[in-house]
Structures are given as C-alpha cells and as structure tokens.
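For reference, the structure is listed below as structure tokens.
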Amino acid sequence: MQLLWTALGIVAGFTVIFSFLPQLDPNVLTLKSLPVLAHRVVHEHPTENNTTAAELFSKVRILCWVMTTPQSLETKARHVRATWARRCNVMLFMSSQADAAFPAVGLGTREGRDQLYWKTIRAFQHVHQHYLAQADWFLKADDDTFVAVDNLRWLLSAHAPDRPIYFGKRFKPFARQGYMSGAGGYVLSREALRRFVAGFQTQVCSHTSPVEDLALGQCMEKMGVEAGDSRDATGQETFHAFPPEQHLRGAFPKDPSYLSYSYYPVLGGPQSCSDLTISFHYVSPEQMYELEYFTWHLRAYGYRPRRQPVPAGQTPLATEHRGQLSQPTPPLPPSTGGS
Amino acid sequence: MISESTSFVKGVLLGGIFCVLVTFLGHIKTGYWTKVRHHEHHHIQAPNQEDVSNLSEVERVELSQSIRVYCIILVKPKDLGHWAAVKETWSKHCDKAEFYSSENVKVFDSIALNTDDMWAMMRKAYKLAYDHYKDEYNWFFLAHPTTFAIIENLKYFLLKKDSSQPFYIGHTVKSGDLEYVDGEGGIVLSIESLRRLSKVFEDPDKCPEQGGMIWKLSEDKQLAVCLKYTGAFAENAEDSEGKDVFNTKSVGSLIKEAMSNHPQQVVEGCCSDMAITFNGLAPNHMHVMMYGVYRLRAYGHDFNDALIFLPPADSDND
C-alpha cells in the first residue's frame, strides 16, 4: 500500500516539475528575464572590447522618446523596444493614451497628423518635468526610425550639454538657420530643451502649425538654439530621412523636394551615408532587426575600415576643412607596431 | 493514513528530483542550439578565440596573407543585374574573382564556357580554375550571382584548416544517402579537393559529363557524387555557437523567420556574427549589405582580431 502511494507520488512529482521546468530552463530563463529596457550596454561578444562604448554610455547620457500611437504600439514600437531602444540611458514611448504594460506615456492628445506638434510639445514638457536631471541629451524619433545610439554618443561627445544646440537631418527652407527633419530624428541638448519649454511658458513659442519639425525649428530659432551640423569629418550625413537603399542607390522619386530642401549638398552613392550613421527612417519592422544586425553584430573579421572617424570628444573639423577626403587608413607598419 | 501520505510525499520528492536531473543532463549534453536542429551531418567549426589569441603580430599578418581565395561566379546573360552588383561589391574582396559565363557578353569581361547547362558550366569552370591557378590559390569559392559573400569571414573560418586536405565545405543538405553542399549558399573547395576533382572528371563512370544516370541530378548534387568518389565529403560550416555561416537565404528572409519563430530574440537567434554567405539578394540589396558589412558600425566597440585585412584599392563602397 505504501509502495503504491510512493509510486503515485513519483509520477505526480515528475509531472509537476516537468510542466514547470521550461520556466527554470537556463536558456529560457535568460530570454525572459532580460529586462526589456536594459540600461546597460551588454558585453556581447567574447573578442569584443566595449570599453569606449561603455565610457560614453555614462559620459553622454541620452534620453530617447519615440513618437507612437495606441494602434502602432504592437506593430511598430515594439520592434524599436526590442532593438536600439535598449541602448539609450532612458527610453520612453509617447502615445496619446497611456499603456502601463508596454509601457507608454499618455500625452492626453488626440491622434492624427495634425496632432504631431501637440504631441511633441507635450512630450518634451513631460520629459523636462520628470527627467531633466537624468540625461544630457534628448532624442525624438518615430516608431519607424532606426537609431545607432552609440554613434549618436560619438557625435554629441564633442559638445557640451549646457550649450543651446540641436542636431538632426538639416533642411534649409522656412527658417533662417534651417530646421531638423522630424522623420530622421533630432536631438536637443539639455539647454535646448530648457529653452524650448521656457519658450512655451513665456509664449514666445506657441502651436504655430501642425508641421512638427518646422514649427519646432522655428521655436528653436526664436529661443537662440543653434541648428548644428551633424555631418562627419568628411562631410557625410549621419541623420537620414529615408531607408539605406534609397540613399545608397540615390533614388528619391517619391520626394523630389528632398534634394532642394536639404541644407547641405546631397551626395549620392556611398558618400550619402557616413560609416557612423545615426539614423534611418521609413524602416520596416524587419529592417529594424536587419539594421541592428549590421550595426552591432555582423562584421568582416579583421577588416580595417577605410575611413577612421575623429575620436570621440574631439572638436569636429572646422568648416573650411569639410569636403576634403578623410585620411586613408594608414598602411600597416612592417611586422612591428601596435595591434 | 500518515504513513501513506509520507510515502506519497517521498514519492513526489523523488519524482521531482529525478525529472530535474534528467532534464539538466540532457541540456548539458546537447546544448540549446543543437537540440533545435536535428541532423546528422559532418560539422566543421570556425576557430575559437583561444585558438587564435596566442598569435603574434607577425604571425597574424603572415596568416592573413597565406589564405588565398579564388572566386568563381557562374553567370548567364539573364543575370546581368546581379552580375553587375557582384562585380561592384563583395567580389572585390576575393584575392581574385572571375566570372564564368554561359556565353560571351559584351558588357562585362568573362570567361565564356559555351554551354548553359549548369553542371557542364561547373565542370568547365573548375577545370579551368585548377589548370590556371593551382599554384596561386589554396581555396576555391564558387557562387551564384544572387549570393553575397564576406570573404574575410571565409578566411577566418579557414584559418587553421590545412588546404592540402580534401575540404568541401558549405551549407549541407542530406538527400537520401548523399550529403551535398547546397550551391545557393556557396561552395568552398581546398586545393586538394580541386586536384582530386580534376582527376575524377576524367572518369566517365564515376563522374559523367552528362549528369545523373537515370534522371538528371542538380549540379551541386552531381559535384558531391564526384567528390565522394575521391574521398572528399561535404561538411556543414558552423560558428562557435553552432549557427550556420553559409546561408541559402537572405538576411531579410531569415529575420522574418526569426520574427515568427522566436520573436523575443530575433537578431540573437537569426544569424551568425561571422556569417560568410547570404543568398537571394536583389542587386540593390547587395549594395546595402556592402555598406552594412564593411562600413556601418557602432562606435566604441573594438575587436582584437587575429587577422588583418585592408580595404581593396580602387573601391569606395567599403
């Protein structure tokens, strides 16, 4: 009789543990417990040295807020959350309605193209109110924008956050110093954010138009915030309003005005994109993962890049030197010398 | 009652512990990734970091230069768009790349084979490559124009492999008794395999020109049959985590599959960091891949690599 009970116990014990085991599986445990909004740079590859990236993570703190909607949380924003978002110091999703599970901040606006500037104003006010001390730079992106956050830190490392300046893909019409394309993402220094919010408090700035990027650009100009030059030392653009294929293959059939709007001369082919590109736009969910793979994972082993960037923290080349080709990668010293 | 419930509880504990033991033992033996893939191929792996970290600077330079890859790309006039893309992109990173075409094409230089049968093209191309280049290259990579290859990663993969051994490497498929390298993912032969292949080409029983006896085999299967007679067997290439490095699909396709199969770990689960080939790319995608592989990178991540490769001359998209 006791033996029977023991046997029954064995079966019961085995079955219960078996059904619970997937949750204890070390591999699955890692997947599920990986925090969705991990704030650390993960040391991913055994031969990789992340020291510089990790130093920049603490020196150049970036708050990223992504413009999204209740309808596109699960179709678009979640792929941003699964990819580049993890690399920001603070990550926020801004929607008209709050969503505790995602999580998304509710801005209390309606949805629609005519609400974009309202959402932007409310989002920056929210960020200013709650996060001003937590970051040095404040990035706005769309839920179909890809951002190489490490490269954004590289660009910003040469500028002080208490300087009133903002960066993005620069357009020239409608404002004396031009304005930054909303689609390609733009980033404000802490001082620029202060001035933007102050502008609305003092009514120097107001909701002049629903065209978010232009209206913001005009407010920036009124508040004395400089429109920065985000190109790399060889004059190649880092922020982009389109996906990589359109820039690299030089096709802008849907938007011929792009060429005339662009503040700097539009370069075609390989010159259209810096090696240290910061953003692409109109990126599909699948391409979001593809760009993540290209930026942080896939590489050509042992390859010395043709173009070496100016190291982080150094002043970008003065304007008169732009347009000159970068130094080619120096030839290897024969048999001796550094790695 | 009490003794019965004690027995039951003892049983539950025993059963639970037994289950945990069995499952963890199973994991230790097979690992996570190979559990998912149920196959019985020969596997061949990329070198581990420990294999390479002890090399001196001089050894690294010498090693990089000692792995010489000759690329054969089989093309037909209908492939002009892809042909152009391959010419302008990855093939510049081969030590030498030549296009073997079914017929002469005015627009591009190529070696005309005067046949459009794929097996005949393959035979002729391999024969010509061996005859002309057997003393100059130690590895021979054959691809279709829809394939994108990262030659540096191929060289790293071949780093500690002796080319005087009969290697026949790629993305393998098992078809009945025959294990062959799928041509869509690219085919790698060591000089020794190519030497043996050249010889067996002269044997019409083992390696007929017309292809299969009863029905026509695809050219990649036919190649495997011929090589098998010479003692060269197909091996599937994997990275140190067991992921395939030769891919018969594009990055986009593999990402899409990963998005539906394991949506919580799309990039981590999709493709190797040391991938060598992808296939099924449109010409414009090849240019995007060129940018993605050789140029776009995240600042502040440095690598202590065992090999050193410089950008090719007369090129600006890498």
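Letters for chains follow the order of the structure tokens (A, B, ...), residue numbers begin at 1 for each chain, and ligand numbers begin at 1 in the order shown.
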
Could you tell me which residues of chain B sit within 6 Å of chain A when counting only C-alpha atoms, and give me the result as JSON, numbers by chain? {"B": [4, 7, 8, 11, 12, 14, 15, 16, 19, 58, 152, 153, 273, 288, 292, 293, 295, 296, 297, 298, 299, 300, 301, 302, 303, 305, 307, 308, 309, 310, 311, 317]}

Could you please take those selected residues and save C-alpha atoms as a compact mmCIF listing (two decimals), in the first residue's frame?
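Once everything was written out, this is again.txt:
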```txt
# COMPACT_ATOMS: atom_id res chain seq x y z
CA GLU B 4 0.64 6.63 3.29
CA SER B 7 5.17 7.68 1.21
CA PHE B 8 3.36 9.90 -1.23
CA GLY B 11 7.47 9.81 -3.97
CA VAL B 12 6.76 13.36 -5.08
CA LEU B 14 11.87 11.54 -5.73
CA GLY B 15 9.91 12.12 -8.91
CA GLY B 16 10.67 15.82 -8.96
CA CYS B 19 12.89 14.94 -13.54
CA VAL B 58 53.95 38.85 -37.39
CA GLU B 152 37.17 37.99 -44.67
CA ASN B 153 34.87 35.78 -42.63
CA ASP B 273 28.00 37.37 -36.43
CA VAL B 288 23.07 47.82 -48.79
CA GLY B 292 26.18 47.13 -43.65
CA VAL B 293 29.15 44.73 -43.55
CA ARG B 295 31.07 50.42 -43.25
CA LEU B 296 28.14 50.79 -40.87
CA ARG B 297 29.26 50.06 -37.32
CA ALA B 298 28.66 51.12 -33.73
CA TYR B 299 31.32 53.48 -32.40
CA GLY B 300 33.25 52.37 -29.37
CA HIS B 301 33.29 48.62 -30.00
CA ASP B 302 36.79 47.39 -30.74
CA PHE B 303 37.94 43.93 -31.65
CA ASP B 305 41.25 40.11 -34.26
CA LEU B 307 43.83 38.50 -38.88
CA ILE B 308 44.28 41.84 -40.59
CA PHE B 309 42.64 42.76 -43.88
CA LEU B 310 42.99 46.12 -45.61
CA PRO B 311 40.40 47.73 -47.91
CA ASN B 317 31.87 51.44 -51.13
```

If DSSP is run on the backbone, what residues of stretch 15-241 of chain B are strand (DSSP E)? A reply as a PyMOL selection string would be ideal. chain B and resi 43-45+69-75+96-101+111-112+139-143+147-149+168-170+172-175+178-181+187-190+234-238

Pick out the residues sitting within 9 Å of stretch 229-232 of chain B, and hand them over as a PyMOL selection string; count only C-alpha atoms, and ignore anything fewer than 5 positions along from it in its own chain. chain B and resi 165-168+193+196-197+199-200+206-207+224

For N, CA, C and O atoms, I'd like the residues from the last selection saved as a PDB file, in the first residue's frame.
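The new file selection-v8.pdb reads:
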```pdb
ATOM      1  N   GLN B 165      44.485  19.170 -47.347  1.00  0.00           N
ATOM      2  CA  GLN B 165      43.487  18.152 -47.011  1.00  0.00           C
ATOM      3  C   GLN B 165      42.253  18.373 -47.882  1.00  0.00           C
ATOM      4  O   GLN B 165      42.009  19.494 -48.323  1.00  0.00           O
ATOM      5  N   PRO B 166      41.475  17.302 -48.113  1.00  0.00           N
ATOM      6  CA  PRO B 166      40.314  17.439 -49.013  1.00  0.00           C
ATOM      7  C   PRO B 166      39.096  18.042 -48.321  1.00  0.00           C
ATOM      8  O   PRO B 166      38.226  17.330 -47.841  1.00  0.00           O
ATOM      9  N   PHE B 167      39.029  19.363 -48.275  1.00  0.00           N
ATOM     10  CA  PHE B 167      37.875  20.023 -47.677  1.00  0.00           C
ATOM     11  C   PHE B 167      36.836  20.364 -48.735  1.00  0.00           C
ATOM     12  O   PHE B 167      37.183  20.801 -49.841  1.00  0.00           O
ATOM     13  N   TYR B 168      35.579  20.198 -48.363  1.00  0.00           N
ATOM     14  CA  TYR B 168      34.440  20.511 -49.260  1.00  0.00           C
ATOM     15  C   TYR B 168      33.355  21.027 -48.315  1.00  0.00           C
ATOM     16  O   TYR B 168      32.706  20.262 -47.605  1.00  0.00           O
ATOM     17  N   SER B 193      41.030  19.187 -52.745  1.00  0.00           N
ATOM     18  CA  SER B 193      39.748  18.711 -53.280  1.00  0.00           C
ATOM     19  C   SER B 193      39.650  19.014 -54.764  1.00  0.00           C
ATOM     20  O   SER B 193      39.157  18.201 -55.547  1.00  0.00           O
ATOM     21  N   ARG B 196      41.754  16.590 -56.735  1.00  0.00           N
ATOM     22  CA  ARG B 196      41.084  15.285 -56.865  1.00  0.00           C
ATOM     23  C   ARG B 196      39.905  15.372 -57.835  1.00  0.00           C
ATOM     24  O   ARG B 196      39.649  14.448 -58.610  1.00  0.00           O
ATOM     25  N   LEU B 197      39.203  16.494 -57.782  1.00  0.00           N
ATOM     26  CA  LEU B 197      38.047  16.679 -58.675  1.00  0.00           C
ATOM     27  C   LEU B 197      38.501  16.681 -60.134  1.00  0.00           C
ATOM     28  O   LEU B 197      37.885  16.049 -60.996  1.00  0.00           O
ATOM     29  N   LYS B 199      40.960  15.225 -61.418  1.00  0.00           N
ATOM     30  CA  LYS B 199      41.276  13.852 -61.858  1.00  0.00           C
ATOM     31  C   LYS B 199      40.009  13.048 -62.129  1.00  0.00           C
ATOM     32  O   LYS B 199      39.915  12.355 -63.138  1.00  0.00           O
ATOM     33  N   VAL B 200      39.045  13.133 -61.230  1.00  0.00           N
ATOM     34  CA  VAL B 200      37.845  12.298 -61.380  1.00  0.00           C
ATOM     35  C   VAL B 200      36.970  12.773 -62.543  1.00  0.00           C
ATOM     36  O   VAL B 200      36.163  12.018 -63.078  1.00  0.00           O
ATOM     37  N   LYS B 206      32.519   7.350 -62.992  1.00  0.00           N
ATOM     38  CA  LYS B 206      32.284   7.940 -61.675  1.00  0.00           C
ATOM     39  C   LYS B 206      31.703   9.340 -61.788  1.00  0.00           C
ATOM     40  O   LYS B 206      30.894   9.757 -60.957  1.00  0.00           O
ATOM     41  N   CYS B 207      32.138  10.063 -62.811  1.00  0.00           N
ATOM     42  CA  CYS B 207      31.772  11.475 -62.876  1.00  0.00           C
ATOM     43  C   CYS B 207      31.433  11.858 -64.318  1.00  0.00           C
ATOM     44  O   CYS B 207      32.203  12.532 -64.987  1.00  0.00           O
ATOM     45  N   ALA B 224      28.817  16.613 -55.532  1.00  0.00           N
ATOM     46  CA  ALA B 224      29.018  15.819 -54.319  1.00  0.00           C
ATOM     47  C   ALA B 224      29.302  14.357 -54.653  1.00  0.00           C
ATOM     48  O   ALA B 224      30.153  13.722 -54.022  1.00  0.00           O
TER      49      ALA B 224
END
```

Would you list the contacts of B:Met259 as a ChimeraX atom specification, taking every protein, DNA or RNA residue within 10 Å and counting only C-alpha atoms, but skipping same-chain residues closer than 4 positions in sequence? /A:79,285-286,289 /B:253-255,263-267,269-270

What does the file look like for those residues with N, CA, C and O atoms, as a CSV table (one decimal), in the first residue's frame?
```csv
chain,number,residue,atom,x,y,z
A,79,HIS,N,9.1,46.8,-32.0
A,79,HIS,CA,10.4,46.4,-32.6
A,79,HIS,C,11.5,47.3,-32.3
A,79,HIS,O,12.6,47.0,-32.2
A,285,PRO,N,9.6,46.9,-39.7
A,285,PRO,CA,10.0,46.1,-38.6
A,285,PRO,C,11.1,45.1,-38.9
A,285,PRO,O,12.1,45.0,-38.2
A,286,GLU,N,11.0,44.5,-40.0
A,286,GLU,CA,12.0,43.5,-40.4
A,286,GLU,C,13.4,44.2,-40.6
A,286,GLU,O,14.4,43.7,-40.2
A,289,TYR,N,15.4,45.0,-37.4
A,289,TYR,CA,16.3,44.0,-36.9
A,289,TYR,C,17.5,43.8,-37.8
A,289,TYR,O,18.6,43.5,-37.3
B,253,SER,N,14.9,37.3,-45.2
B,253,SER,CA,14.1,36.1,-45.0
B,253,SER,C,14.4,35.5,-43.7
B,253,SER,O,13.5,35.0,-43.0
B,254,LEU,N,15.7,35.4,-43.3
B,254,LEU,CA,16.0,34.8,-42.0
B,254,LEU,C,15.4,35.6,-40.9
B,254,LEU,O,15.0,35.1,-39.9
B,255,ILE,N,15.5,36.9,-41.0
B,255,ILE,CA,14.9,37.8,-39.9
B,255,ILE,C,13.4,37.5,-39.8
B,255,ILE,O,12.8,37.4,-38.7
B,263,PRO,N,10.2,35.5,-31.5
B,263,PRO,CA,10.1,37.0,-31.5
B,263,PRO,C,10.8,37.7,-30.4
B,263,PRO,O,11.0,38.9,-30.5
B,264,GLN,N,11.1,37.0,-29.3
B,264,GLN,CA,11.8,37.7,-28.2
B,264,GLN,C,13.3,37.8,-28.4
B,264,GLN,O,14.0,38.5,-27.8
B,265,GLN,N,13.8,37.0,-29.4
B,265,GLN,CA,15.3,37.0,-29.6
B,265,GLN,C,15.5,36.9,-31.1
B,265,GLN,O,16.1,36.0,-31.6
B,266,VAL,N,15.1,38.0,-31.9
B,266,VAL,CA,15.1,37.9,-33.3
B,266,VAL,C,16.6,37.9,-33.8
B,266,VAL,O,17.0,37.0,-34.5
B,267,VAL,N,17.3,38.9,-33.5
B,267,VAL,CA,18.7,39.1,-34.0
B,267,VAL,C,19.6,38.0,-33.4
B,267,VAL,O,20.4,37.4,-34.1
B,269,GLY,N,18.9,35.2,-32.4
B,269,GLY,CA,18.6,33.8,-32.9
B,269,GLY,C,18.7,33.6,-34.4
B,269,GLY,O,18.6,32.5,-34.9
B,270,CYS,N,18.8,34.7,-35.1
B,270,CYS,CA,18.7,34.7,-36.6
B,270,CYS,C,20.0,34.2,-37.3
B,270,CYS,O,20.0,33.2,-38.0
```

Using Å and a single decimal, report how far atom CA of B:Cys226 sits from atom CA of B:Ala149. 25.1 Å

If you count only C-alpha atoms, which residues fall within 10 Å of B:Met121, apart from same-chain ones fewer than 2 positions away, as a ChimeraX atom specification? /B:74-75,100-102,112-119,123-127,219

A:Phe93 surroundings by only C-alpha atoms, 7 Å radius, close-in-sequence under 3 positions cut, as a list of chain:residue names: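 Within the cut-off, the hits are A:Trp65, A:Val66, A:Met67, A:Thr68, A:Ala104, A:Val105.
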
Put those residues in a file: all heavy atoms, as a compact mmCIF listing (two decimals), in the first residue's frame.
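Result went into part_35.txt, see below:
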```txt
# COMPACT_ATOMS: atom_id res chain seq x y z
N TRP A 65 12.94 59.46 -26.72
CA TRP A 65 11.49 59.26 -26.67
C TRP A 65 10.98 59.02 -28.08
O TRP A 65 11.40 59.68 -29.02
CB TRP A 65 10.77 60.39 -25.94
CG TRP A 65 10.67 61.74 -26.57
CD1 TRP A 65 11.48 62.80 -26.35
CD2 TRP A 65 9.67 62.18 -27.50
NE1 TRP A 65 11.06 63.88 -27.08
CE2 TRP A 65 9.95 63.53 -27.80
CE3 TRP A 65 8.56 61.57 -28.12
CZ2 TRP A 65 9.17 64.29 -28.67
CZ3 TRP A 65 7.79 62.33 -28.99
CH2 TRP A 65 8.10 63.68 -29.25
N VAL A 66 10.13 58.03 -28.20
CA VAL A 66 9.65 57.57 -29.50
C VAL A 66 8.19 57.95 -29.66
O VAL A 66 7.35 57.62 -28.82
CB VAL A 66 9.82 56.04 -29.63
CG1 VAL A 66 9.19 55.51 -30.92
CG2 VAL A 66 11.30 55.68 -29.58
N MET A 67 7.89 58.66 -30.74
CA MET A 67 6.52 59.07 -31.05
C MET A 67 5.76 57.87 -31.59
O MET A 67 6.14 57.29 -32.61
CB MET A 67 6.57 60.18 -32.12
CG MET A 67 5.22 60.61 -32.60
SD MET A 67 4.63 62.03 -31.69
CE MET A 67 5.45 63.34 -32.58
N THR A 68 4.68 57.47 -30.89
CA THR A 68 3.93 56.32 -31.37
C THR A 68 2.44 56.54 -31.10
O THR A 68 2.04 57.61 -30.64
CB THR A 68 4.47 55.01 -30.73
OG1 THR A 68 3.81 53.90 -31.30
CG2 THR A 68 4.26 55.01 -29.22
N ALA A 104 3.85 52.86 -22.13
CA ALA A 104 3.81 54.08 -22.93
C ALA A 104 3.20 55.21 -22.11
O ALA A 104 2.25 54.99 -21.34
CB ALA A 104 3.01 53.87 -24.21
N VAL A 105 3.75 56.38 -22.30
CA VAL A 105 3.24 57.57 -21.62
C VAL A 105 2.04 58.10 -22.38
O VAL A 105 2.05 58.16 -23.61
CB VAL A 105 4.35 58.66 -21.57
CG1 VAL A 105 3.81 59.98 -21.03
CG2 VAL A 105 5.55 58.17 -20.78
```

Within 7 Å of A:Ala135 using only C-alpha atoms, minus same-chain residues under 4 positions, as a VMD selection string: chain A and resid 61 to 63 131

File dump, residues just selected, all heavy atoms, as a compact mmCIF listing (two decimals), in the first residue's frame:
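selection_19.txt was written with the following content:
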```txt
# COMPACT_ATOMS: atom_id res chain seq x y z
N ARG A 61 24.83 60.94 -21.66
CA ARG A 61 23.57 60.27 -21.33
C ARG A 61 22.46 60.77 -22.25
O ARG A 61 22.22 61.96 -22.35
CB ARG A 61 23.20 60.54 -19.87
CG ARG A 61 24.25 60.02 -18.86
CD ARG A 61 23.94 60.51 -17.45
NE ARG A 61 23.83 61.96 -17.42
CZ ARG A 61 23.21 62.66 -16.46
NH1 ARG A 61 22.61 62.01 -15.46
NH2 ARG A 61 23.16 63.98 -16.51
N ILE A 62 21.80 59.82 -22.89
CA ILE A 62 20.76 60.18 -23.86
C ILE A 62 19.41 59.63 -23.42
O ILE A 62 19.30 58.43 -23.13
CB ILE A 62 21.10 59.63 -25.27
CG1 ILE A 62 22.47 60.15 -25.70
CG2 ILE A 62 20.02 60.04 -26.27
CD1 ILE A 62 22.91 59.66 -27.07
N LEU A 63 18.43 60.50 -23.39
CA LEU A 63 17.05 60.07 -23.21
C LEU A 63 16.42 60.01 -24.59
O LEU A 63 16.48 60.98 -25.34
CB LEU A 63 16.28 61.06 -22.33
CG LEU A 63 14.79 60.73 -22.09
CD1 LEU A 63 14.35 61.22 -20.72
CD2 LEU A 63 13.87 61.32 -23.15
N TYR A 131 12.49 64.19 -16.17
CA TYR A 131 13.76 63.52 -16.48
C TYR A 131 14.94 64.45 -16.71
O TYR A 131 16.01 64.00 -17.12
CB TYR A 131 13.60 62.63 -17.73
CG TYR A 131 12.63 61.50 -17.54
CD1 TYR A 131 11.29 61.63 -17.95
CD2 TYR A 131 13.03 60.31 -16.95
CE1 TYR A 131 10.39 60.59 -17.77
CE2 TYR A 131 12.13 59.26 -16.76
CZ TYR A 131 10.82 59.42 -17.17
OH TYR A 131 9.93 58.39 -17.00
```

Can you list, as number ranges by chain, every residue of stretch 235-291 of chain B that DSSP puts in alpha helix (DSSP H)? B: 251-261, 266-270, 283-291

From atom CA of B:Gly183 to atom CA of B:Pro283 the spacing works out at 18.8 Å

Calculated over only C-alpha atoms, which of the candidates A:Trp84, A:Tyr264, A:Phe124, A:Phe280 has the smallest distance to A:Arg231?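 Comparing A:Trp84, A:Tyr264, A:Phe124, A:Phe280 against A:Arg231, the winner is A:Tyr264.
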
How far is it from atom CA of A:Glu226 to atom CA of A:Ser157, in Å with one decimal? 16.7 Å
